[in-house]
Structures are given as structure tokens and as C-alpha cells.
Amino acid sequence: MMTRTTPARPLDLSELFSGVNAFARTATRLHPRPGDPDVGGSHVGGRLLWPADEPWPVCAGPHVVRQETAIAPDLVARMQAGDWAAMQQLARDVPGFAGTMTTDQGSVAIGSVTVSEPTPSPMVAVAQLHAADVADLRCPDDADLLQVLWCPHQHRDGDYAGPAVQLRWRTASGVTTMLPTPPPPPTVAREEDYLPRPCALHPEQVVEYPWWQELPAELGQRIRQWDDSRQFGEETYFSVSQAPGWKVGGYANWEVSDLRPMDCPNCRQRIDLLLTISSSESDGGSWMPVEESHLQPSWTDPQWRAVNEPTGITVGRRGDLRIFACFKCPATPYRLNLQ
Ligand SMILES: [Zn+2]
Ligand SMILES: [Zn+2]
């Protein structure tokens with residue numbers, strides 16, 4: 001199996017920022033790449049080691065479904081003339097109004113409606129990870145395998161909008177009789193961006209450092225100010241401290257929202273990052289594996305896309321879905337954060 005190797009970090013953070021080394025933590029980059037993974041191994045998408053006598057998880061919704069509504073030509077004309085009241089009227093009339101879109105066929109308003117499903121829809125396999133393959137995968141005491149499934153529709157829960165995630169922890173050797181074929185994914189109104197392409201993994205352990213707001217105030221400020229003093233295109237603490245792409249463990253970045261400490265829904269203690277599900281792997285730059293460094297970022301090069309967007313999954317605005325888990329509480333409660 002071909003390995004994937006992260007190049008040496010272009011900045012020595014422990015040298016640059018004394019004290020930061022105490023917060024170093026390992027993460028395992030998964031490096032998913034399109035393939036035909038074995039059902040028993042670690043992979044993204046594909047099939048899961050699933051006991052024949054265990055029901056396949058389903059989701060009853062409710063689901064948020066995108067809707068496009070044609071805008072009447074006179075309203076389009078008013079909006080094009082800069083009539084603000086026309087836009088306000090549209091925002092009032094279209095449920096879940098999120099903007100407009102104009103194509104050759106005319107102008108449409110984009111909105112969304114929440115629908116309940118007449119029958120619960122089957123979830124799809126997102127990842128299967130063995131602790132033996134993924135160095136930073138922490139498991140509850142009685143487990144050595146993590147399975148991640150989700151419902152490939154849009155769900156809203158507080159400020160979270162994305163797929164509904166379910167985790168299953170197992171002992172791999174405990175699955176003796178396998179489910180022959182999992183149910184096919186739902187075909188109605190699912191989000192194509194939530195259907196992962198089967199990928200083989202090439203796990204690699206790297207060292208990460210916390211988001212600056214998670215560090216003691218003085219150290220965090222020193223890092224922030226140093227980053228602000230860097231010129232455009234130069235490497236920063238931000239660019240070299242945390243691996244992009246799919247990973248297990250390590251630290252989350254809080255670029256979009258600023259730090260939001262993740263607490264266990266049960267014991268309210270701070271909980272750590274378990275898994276990051278990412279829309280892209282590195283977008284080039286210093287995290288690009290050396291084995292693939294000959295490839296240039298390109299939207300049209302299938303080789304580049306297989307390396308940078310191997311799973312075909314897009315979450316949020318081409319962002320990351322992060323799963324944080326509590327290993328102190330029974331049943332390993334978890335929380336989701338998308339940005
Ligand atoms: Zn659902
Ligand atoms: Zn807890």
C-alpha cells in the first residue's frame with residue numbers, strides 16, 4: 001500500500017513560541033483516496049462490518065429540503081431596478097428564503113421547507129475505523145472499531161445544519177455473521193454531497209497544536225500578533241499547526257466562529273475532537289503529501305480532484321464536520337460542530 005507523508009513543517013512552532021510544546025497533541029490524518037476497500041478494513045464510504053441480526057439505522061426526519069420557486073417577471077424587473085421592497089417581499093413570501101439565482105431559464109428564489117418522511121429512510125455508511133489502523137482513535141473500553149453513519153438529508157438542530165450522524169462502537173471480532181447487503185440509500189431529495197465515494201485510507205500520525213484561543217491568554221496573544229505580522233503567502237502558526245482534511249484526534253480550528261468550547265451533553269465536561277470529516281484534503285500548500293506533490297491545484301484535473309476531494313463529500317460551505325466525544329460517560333455521548 002502506498003503511504004502518504006506530510007512534509008516537514010515549514011515553521012518550528014515549539015522553537016518560535018516557547019511554552020506551546022506543552023500543548024502538542026497527535027492526530028492521525030486518514031488520507032482517504034478513491035478505491036475499492038475491503039468490507040473488514042478501515043475505510044470511508046463502502047460497506048460496514050455489520051451484524052446480520054442488528055437492524056440497520058434509519059432516520060425519520062424531519063428533513064430540510066431545498067426548494068426553487070420561479071419569480072414572477074414583474075418582480076424580477078423591480079428587483080433589477082433596485083427596488084428594495086421587492087426583495088423584502090420575496091424574503092417574506094418564500095419559506096426559508098436564502099437568496100435568488102438567475103439562469104437561462106429565468107430567475108428563481110431559493111428557499112427550504114421542513115418535511116416529515118412517510119417512512120424512515122436508511123442511513124449511509126460514512127466511515128469504518130479500526131483502532132489497530134488509526135493510532136489516535138480512542139475507543140470506549142469494550143470496543144476497537146468505530147463506525148460512522150449518517151442520514152444523507154439536511155437536518156436542523158439549533159445552529160447545526162447538516163446530516164444526522166450516528167456512531168457505533170464495536171468489537172470487530174464480535175461480528176461473526178454479517179449483513180449480506182445494506183439497504184440502498186434513499187433516492188428522494190437526498191443531498192448528493194452527503195453520499196461518500198468508497199475510499200481506502202493511508203493513516204499517518206502528525207503533531208498538532210491548539211487553536212490560539214485555546215492556549216493560555218499570553219501565549220495565545222503572542223501567536224495571534226505574530227500571525228498578524230506575517231505577509232500574505234507566508235506560512236503562519238495557523239497554516240502549520242493543524243492538519244486539514246479527514247483526521248482522527250488532534251485539534252479543531254475555530255476560524256469561522258471563534259472558539260466554542262465543546263462540552264459533553266451529559267457530564268458537561270470539556271470533550272476532545274474525535275473525528276473531522278472534511279470537504280477537501282489540503283488545497284495544496286504545506287500539508288500536501290510528498291508522494292503527490294507533483295500535482296497542481298486544478299478544478300478540472302481528475303487526478304488532483306481524487307487527491308484533494310477524494311470522498312466527494314461537501315459539508316457546510318466546503319467546510320469540516322467535527323465530532324467531539326466524551327469517553328467518561330456511558331454510551332460515549334458526542335456533539336457535532338460544522339464550519
Ligand atoms: Zn434524516
Ligand atoms: Zn460526559
# chains A, B, ... in the order shown; residues from 1 in each chain; ligands from 1
>>> residues_near_ligand(ligand="ligand 1", cutoff="7 Å", atoms="only C-alpha atoms and all ligand atoms", output="list in words")
Cys59, Ala60, Gly61, Pro62, His63, Ser121, Cys151, Pro152, His153, Gln154, His155, Pro163 and Ala164 of chain A
>>> closest_atom_pairs(of="chain A", to="ligand 2", cutoff="6 Å", atoms="only C-alpha atoms and all ligand atoms", output="tab-separated table")
residue	atom	partner	partner_atom_place_in_ligand_line	distance
A:Cys264	CA	ligand 2	1 (Zn)	4.6
A:Asn266	CA	ligand 2	1 (Zn)	4.9
A:Cys267	CA	ligand 2	1 (Zn)	4.1
A:Cys326	CA	ligand 2	1 (Zn)	4.7
A:Lys328	CA	ligand 2	1 (Zn)	5.2
A:Cys329	CA	ligand 2	1 (Zn)	4.3
>>> write_last_selection(atoms="N, CA and C atoms", output="PDB file, in the first residue's frame")
ATOM      1  N   CYS A 264     -19.599  17.939  26.990  1.00  0.00           N
ATOM      2  CA  CYS A 264     -20.388  16.707  26.896  1.00  0.00           C
ATOM      3  C   CYS A 264     -21.851  17.022  27.207  1.00  0.00           C
ATOM      4  N   ASN A 266     -23.882  15.222  28.493  1.00  0.00           N
ATOM      5  CA  ASN A 266     -24.267  14.542  29.735  1.00  0.00           C
ATOM      6  C   ASN A 266     -23.562  15.128  30.959  1.00  0.00           C
ATOM      7  N   CYS A 267     -22.220  15.042  31.016  1.00  0.00           N
ATOM      8  CA  CYS A 267     -21.498  15.466  32.225  1.00  0.00           C
ATOM      9  C   CYS A 267     -21.037  16.914  32.175  1.00  0.00           C
ATOM     10  N   CYS A 326     -17.282  12.162  24.407  1.00  0.00           N
ATOM     11  CA  CYS A 326     -16.935  12.020  25.818  1.00  0.00           C
ATOM     12  C   CYS A 326     -16.732  10.541  26.138  1.00  0.00           C
ATOM     13  N   LYS A 328     -15.849   9.544  29.153  1.00  0.00           N
ATOM     14  CA  LYS A 328     -16.067   9.322  30.583  1.00  0.00           C
ATOM     15  C   LYS A 328     -17.490   8.848  30.846  1.00  0.00           C
ATOM     16  N   CYS A 329     -18.397   9.204  29.972  1.00  0.00           N
ATOM     17  CA  CYS A 329     -19.815   8.888  30.195  1.00  0.00           C
ATOM     18  C   CYS A 329     -20.196   7.593  29.487  1.00  0.00           C
TER      19      CYS A 329
END
>>> closest_atom_pairs(of="segment 250-281 of chain A", to="segment 133-145 of chain A", cutoff="12 Å", atoms="only C-alpha atoms", output="tab-separated table")
residue	atom	partner	partner_atom	distance
A:Gly250	CA	A:Asp136	CA	8.2
A:Tyr251	CA	A:Asp136	CA	11.8
A:Asp272	CA	A:Arg138	CA	10.4
A:Leu273	CA	A:Leu137	CA	10.3
A:Leu274	CA	A:Leu137	CA	7.3
A:Leu275	CA	A:Leu137	CA	8.5
A:Thr276	CA	A:Leu137	CA	11.8
>>> write_last_selection(atoms="N, CA and C atoms", output="PDB file, in the first residue's frame")
ATOM      1  N   GLY A 250      -6.369  15.089  17.426  1.00  0.00           N
ATOM      2  CA  GLY A 250      -5.812  16.407  17.158  1.00  0.00           C
ATOM      3  C   GLY A 250      -6.717  17.521  17.660  1.00  0.00           C
ATOM      4  N   TYR A 251      -6.565  18.677  17.014  1.00  0.00           N
ATOM      5  CA  TYR A 251      -7.302  19.874  17.437  1.00  0.00           C
ATOM      6  C   TYR A 251      -8.197  20.386  16.320  1.00  0.00           C
ATOM      7  N   ASP A 272     -12.989  16.162  23.765  1.00  0.00           N
ATOM      8  CA  ASP A 272     -11.970  16.298  22.729  1.00  0.00           C
ATOM      9  C   ASP A 272     -12.506  15.927  21.349  1.00  0.00           C
ATOM     10  N   LEU A 273     -11.741  16.388  20.368  1.00  0.00           N
ATOM     11  CA  LEU A 273     -12.073  16.100  18.978  1.00  0.00           C
ATOM     12  C   LEU A 273     -11.837  14.618  18.689  1.00  0.00           C
ATOM     13  N   LEU A 274     -12.862  13.948  18.165  1.00  0.00           N
ATOM     14  CA  LEU A 274     -12.747  12.539  17.807  1.00  0.00           C
ATOM     15  C   LEU A 274     -12.423  12.397  16.317  1.00  0.00           C
ATOM     16  N   LEU A 275     -13.254  12.993  15.465  1.00  0.00           N
ATOM     17  CA  LEU A 275     -13.112  12.805  14.018  1.00  0.00           C
ATOM     18  C   LEU A 275     -13.473  14.082  13.277  1.00  0.00           C
ATOM     19  N   THR A 276     -12.687  14.408  12.250  1.00  0.00           N
ATOM     20  CA  THR A 276     -13.012  15.526  11.358  1.00  0.00           C
ATOM     21  C   THR A 276     -13.332  14.968   9.976  1.00  0.00           C
TER      22      THR A 276
END
>>> residues_around(residues="segment 193-197 of chain A", least_positions_apart="3", cutoff="6 Å", atoms="only C-alpha atoms", output="ChimeraX atom specification")
/A:45,152,311-314
>>> atom_distance(atom1="atom CA of Met288 of chain A", atom2="atom CA of Met2 of chain A")
14.9 Å
>>> closest_residue(among="A:Ser14, A:Gln80, A:Thr171, A:Gln105", to="Tyr237 of chain A", atoms="only C-alpha atoms")
A:Ser14
>>> residues_around(residues="Val315 of chain A", least_positions_apart="2", cutoff="9 Å", atoms="only C-alpha atoms", output="ChimeraX atom specification")
/A:162-163,193-194,277-279,313,317-321,338-339
>>> select_by_dssp(residues="segment 48-296 of chain A", states="strand (DSSP E or B)", output="ChimeraX atom specification")
/A:51,58-59,63-70,99-103,106-115,121-122,124-130,145-157,160-170,178,199-200,204-208,247-249,263,270,272-278
>>> write_last_selection(atoms="C-alpha atoms", output="mmCIF file, in the first residue's frame")
data_model
loop_
_atom_site.group_PDB
_atom_site.id
_atom_site.type_symbol
_atom_site.label_atom_id
_atom_site.label_comp_id
_atom_site.auth_asym_id
_atom_site.auth_seq_id
_atom_site.Cartn_x
_atom_site.Cartn_y
_atom_site.Cartn_z
ATOM 1 C CA PRO A 51 -24.047 -7.969 12.344
ATOM 2 C CA VAL A 58 -32.887 4.701 9.844
ATOM 3 C CA CYS A 59 -33.878 8.363 10.195
ATOM 4 C CA HIS A 63 -35.685 16.895 6.808
ATOM 5 C CA VAL A 64 -34.952 20.302 5.374
ATOM 6 C CA VAL A 65 -35.479 20.232 1.609
ATOM 7 C CA ARG A 66 -34.247 22.944 -0.756
ATOM 8 C CA GLN A 67 -36.910 24.484 -2.958
ATOM 9 C CA GLU A 68 -36.628 26.678 -6.009
ATOM 10 C CA THR A 69 -39.602 28.873 -6.837
ATOM 11 C CA ALA A 70 -39.872 30.808 -10.105
ATOM 12 C CA GLY A 99 -31.343 34.150 -1.936
ATOM 13 C CA THR A 100 -32.047 34.188 -5.668
ATOM 14 C CA MET A 101 -30.454 32.564 -8.685
ATOM 15 C CA THR A 102 -30.715 33.548 -12.360
ATOM 16 C CA THR A 103 -30.137 31.130 -15.224
ATOM 17 C CA GLY A 106 -35.235 32.707 -15.637
ATOM 18 C CA SER A 107 -34.927 33.755 -12.014
ATOM 19 C CA VAL A 108 -35.754 31.568 -9.042
ATOM 20 C CA ALA A 109 -35.944 32.172 -5.317
ATOM 21 C CA ILE A 110 -34.087 29.611 -3.214
ATOM 22 C CA GLY A 111 -35.840 28.542 -0.066
ATOM 23 C CA SER A 112 -36.318 25.463 2.066
ATOM 24 C CA VAL A 113 -39.172 23.590 3.681
ATOM 25 C CA THR A 114 -39.136 21.116 6.535
ATOM 26 C CA VAL A 115 -40.799 17.810 5.687
ATOM 27 C CA SER A 121 -35.000 6.466 5.370
ATOM 28 C CA PRO A 122 -31.893 4.268 5.711
ATOM 29 C CA VAL A 124 -25.478 5.531 4.753
ATOM 30 C CA ALA A 125 -22.010 4.350 5.795
ATOM 31 C CA VAL A 126 -19.572 7.248 6.159
ATOM 32 C CA ALA A 127 -16.525 5.611 7.755
ATOM 33 C CA GLN A 128 -15.260 2.476 9.449
ATOM 34 C CA LEU A 129 -12.122 2.846 11.573
ATOM 35 C CA HIS A 130 -10.176 0.165 13.432
ATOM 36 C CA LEU A 145 -13.899 -0.321 15.985
ATOM 37 C CA LEU A 146 -15.773 2.902 15.196
ATOM 38 C CA GLN A 147 -18.473 3.055 12.556
ATOM 39 C CA VAL A 148 -19.895 6.387 11.442
ATOM 40 C CA LEU A 149 -23.215 6.561 9.624
ATOM 41 C CA TRP A 150 -25.360 9.490 8.660
ATOM 42 C CA CYS A 151 -28.709 10.312 7.138
ATOM 43 C CA PRO A 152 -27.942 11.960 3.780
ATOM 44 C CA HIS A 153 -30.591 14.640 4.114
ATOM 45 C CA GLN A 154 -30.360 18.111 5.570
ATOM 46 C CA HIS A 155 -31.315 18.423 9.266
ATOM 47 C CA ARG A 156 -31.531 21.441 11.509
ATOM 48 C CA ASP A 157 -30.750 21.275 15.207
ATOM 49 C CA TYR A 160 -26.333 22.980 13.286
ATOM 50 C CA ALA A 161 -27.495 22.317 9.736
ATOM 51 C CA GLY A 162 -26.203 19.118 8.136
ATOM 52 C CA PRO A 163 -26.524 15.344 8.008
ATOM 53 C CA ALA A 164 -27.743 13.497 11.141
ATOM 54 C CA VAL A 165 -24.772 11.474 12.443
ATOM 55 C CA GLN A 166 -24.808 8.160 14.298
ATOM 56 C CA LEU A 167 -21.765 6.458 15.841
ATOM 57 C CA ARG A 168 -21.486 2.707 16.504
ATOM 58 C CA TRP A 169 -18.681 1.291 18.626
ATOM 59 C CA ARG A 170 -17.964 -2.421 18.285
ATOM 60 C CA MET A 178 -22.556 -10.314 8.541
ATOM 61 C CA CYS A 199 -12.086 5.311 -0.284
ATOM 62 C CA ALA A 200 -9.100 3.378 1.050
ATOM 63 C CA GLU A 204 -0.365 8.929 9.084
ATOM 64 C CA GLN A 205 0.310 10.391 12.513
ATOM 65 C CA VAL A 206 1.241 14.092 12.745
ATOM 66 C CA VAL A 207 1.715 16.610 15.576
ATOM 67 C CA GLU A 208 -0.772 19.426 16.068
ATOM 68 C CA LYS A 247 -8.370 13.184 10.584
ATOM 69 C CA VAL A 248 -8.831 11.428 13.908
ATOM 70 C CA GLY A 249 -7.923 13.253 17.119
ATOM 71 C CA ASP A 263 -18.973 20.188 26.378
ATOM 72 C CA ARG A 270 -14.901 19.671 28.042
ATOM 73 C CA ASP A 272 -11.970 16.298 22.729
ATOM 74 C CA LEU A 273 -12.073 16.100 18.978
ATOM 75 C CA LEU A 274 -12.747 12.539 17.807
ATOM 76 C CA LEU A 275 -13.112 12.805 14.018
ATOM 77 C CA THR A 276 -13.012 15.526 11.358
ATOM 78 C CA ILE A 277 -14.969 14.920 8.145
ATOM 79 C CA SER A 278 -13.675 17.351 5.577
#
>>> closest_residue(among="A:Val290, A:Ser257, A:Leu30, A:Glu54", to="Ala8 of chain A", atoms="only C-alpha atoms")
A:Val290
